[in-house]
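Chemist: To start, I am sharing the structure in question, which I have written as structure tokens.
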Amino acid sequence: MTYEHRDLLLIEDSDEHAELALFYISEYRPDIHVIRLADGGAAMDYLESVCNLNKPLPWLCLLDLQLPKYDGHEILSVIKSDSILIKMPVVVFTTSAAKKDISRTISHHANSFITKPMGADGYGKAIQSILSYWELNQHPLISIG
Amino acid sequence: MIQYLINHVTLQHRIYASFIAAAIVIVAIILITYAVFANNDRDLRDFVTSSNQSHIDLKLTAQVAELHRLALTYTYEGHRSAADQVMHSFQNLMQQIDNTLQHDSLAVKTILATIRHRLESYYSAFLRLKQQRDLRQQLINVEFRNNANNVEALINQLLANPSDSPSMRLELKNILNTLLLVEKNVFRYLDSLDASYITAAKHNLNHVVDRLNALNQAENSSNSTIHQALQKLDQYQQSYIEAVQHTRGYLYLINVVMAAEAYEINFQSKKLSSLITSEMRLKEEALHTSQTEALNILVISASLLLSLLIALSYGIGQSISRPIMRLTETFRQLTSGSGNAKIYRYPVVDEISELSQAAAAFRDKNTQTEKLLMRSIQLTQALEKNRLALERSNDELEQFVYTVSHDLKAPLVTSMGFIGIIRKLADQGKYEQAIEKLDKVTLSIERMGQLTNDLLELSRIGRIDVDMKKIDLNVLLTQLAQSQQEQLQGAGLQFIVQPRLPVIVGNESRILQLFENITSNAIKYVRNPEQAPVLEIGSITDQGHHLIYCKDNGPGIELAFQQKVFALFYRLDTQPEGTGIGLTIVKKVMKAHGGDIWIESSGGKGTIFWLKFPISDKETKEARYDL
């Protein structure tokens, strides 16, 4: 199995948080190509284009909840109600640790709910763990070609 | 009196009264019936009496006939018992008439008086008859007999004279025989009253007188005896003539006077009878009429009394049943819990009035219950409202805490994350890169400070209703334009404030903050590829409201986001300067002033923020703060 062509969809409004994620992803898995979308509107456009223009389905989606225009919940429900997009694993990666958010996202079939860690090394470890975990998963067998 | 009745006549009394009234009516009917029948009975007795009297003529006729027969018997036979019976009968009759006289009509009385008078006349005639008859009897028995005896004695004396010749003696004997014949004829007459006998007696007497006269002449001697005999003979003749006269007298009395009286009495009694019969007929008619009248009176009075009784019992029944039925209806309504069931006014103090009072008490209780129920419903509603408000406020608080915690964590995560990166870069010896990243840490901490300040502002808005005053928006916005001149110029934003903006009542610093936020949003987000960016503020006065518009020519806000933009931390752009609190503050300020805010925009053609300030509320507040 090779990972060279794997795309990772990062839906994150905060430039700083996106930079952190990109830094650690490139640190651990330089082969992963990150598609960063900064607001809900852009994310919706991209997802639409994935459905309509037969773009390759990203390997994994890291989704923030607090977004301009459409928030993470709305984007999640769009993804999980579409027959193609549903195959893409969605990891909700947010500062929130509220039960309400966890419950709502899990109910909408989020594949994971990870709270962004506060510690100096926490962010990097979280990104590493997420990537390692989804590396072990066999979901690309159905999601990609 | 009426008041007393109203206060003291209970239902029980009324029922008793109706029974007593019924009893009185029945007794009255019985009394009337009795009176009517008694009256009729008297009439009937009267009638029967009259009926008896109608036979009085027969009785009288019979009695008078009997009287007359007795009188005749006495007259012809001379029985004294017959005379006694006549007297007795007369007295009976008189008594009978007197009795009848006592109670009869005037006509009857007149006739009876006539009868009585006639009867008296009859009786007096009878008394005279009796007297004459006695006189005659005495005459015959004494004088006539004496005279006869004297004459006979003288004749016998002559016969006894021996000196007389045989012819003479024969003659004397012949005279004596004739004399006896006279006597015999007179008695025959008195017995039979046949006039021929008296004629014969007269003839015989004349014969005797003639013979004696002849003898006297023949003798030629003045024979004293013959003279004496002649004289006695004369007396004899006189006495029997007298007797005959008496006889004729009483015969006249009985046959003419008394018979006439008896006839008259019969006539009168017939008259009386016819009178009584006619009176009877009248009485019969009167009786019939009075009976009919009595029956009519009985029927009318009985029906009147019965009608009265029916009316009375109906009245009493109604006076009892109507209020009870009304009360039943009232109680029916009352039991269904009605507090305004109609209770009819009932002035009489009795059992029903007590029921009415009970109903009134019931109604009062119902009213109280209704009031309590209403109060309870109101309280429940208020409670529910409060509960909802509390829930909402709790929800808002929760939402606030949630949002705040999320958005305050973000810069922390950022700064810690970058510290981690810096550490890593430093480990790798990339010090320059590490130092570059320090700026990110600083920025994120600054941002956190800004967030904290904004949140503080937001939290203050809830406490603005102190310090409300009149704000002239013309002045306020002009000052704002001046103070923000630098930033406006920096962004190239044209800020137009229309004249004649209203004066509103509000907290000046909050209203200023509101317009600052709107202006700052315009500075941040109004971009127009064709024209210079413009923000125009003006006003329209609507009914009861001041409507203020803030119009820009920026990119506009799609309908889907027009509500969302007022949510805490919600942002349409990833512009780093925004915190997502500005419009939340604006909305909260509007709410705190009793107003509202909404967006009118169609994508790409600018945005209008409509601010609605109430006039009436403002006036009230104005009044309140003027005090």
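As shown in the structure tokens, the chain order sets the letters A, B, ...; within each chain, residues go from 1, and ligands are also counted from 1 in the order they appear.
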Report as a ChimeraX atom specification the set of chain B residues whose atoms approach chain A to within 8 Å, with distances computed over only C-alpha atoms.
Modeler: /B:402,405-407,409-410,412-414,416-421,440,561,570-574
Chemist: Kindly give the distance, in Å, that separates CA of Ala200 (chain B) and CA of Asn149 (chain B), rounded to a single decimal.
Modeler: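 Pair CA of Ala200 (chain B) / CA of Asn149 (chain B) returns 19.7 Å.
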Chemist: How many Å separate CA of Ser393 (chain B) from CA of Ile599 (chain B)?
Modeler: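 Calculated distance between CA of Ser393 (chain B) and CA of Ile599 (chain B) is 24.7 Å.
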Chemist: As number ranges by chain, please: all residues of region 357-507 of chain B that backbone DSSP puts in strand (DSSP E or B).
Modeler: B: 469-472, 494-497, 503-506
Chemist: Taking C-alpha atoms for each residue, export the selection above as a CSV table (one decimal), in the first residue's frame.
Modeler:
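The result, written out as again.csv:
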chain,number,residue,atom,x,y,z
B,469,LYS,CA,-31.7,59.8,28.1
B,470,LYS,CA,-32.7,61.7,24.9
B,471,ILE,CA,-30.2,61.2,22.2
B,472,ASP,CA,-30.1,63.3,19.1
B,494,GLN,CA,-17.5,57.3,2.3
B,495,PHE,CA,-19.7,57.8,5.4
B,496,ILE,CA,-22.9,59.7,4.7
B,497,VAL,CA,-25.2,60.8,7.5
B,503,VAL,CA,-34.2,62.0,18.7
B,504,ILE,CA,-34.4,58.7,20.5
B,505,VAL,CA,-34.3,57.8,24.1
B,506,GLY,CA,-31.5,55.4,25.1
Chemist: Rounded to one decimal place, report the CA of Pro58 (chain A)-CA of Asp7 (chain A) distance in Å.
Modeler: 4.9 Å
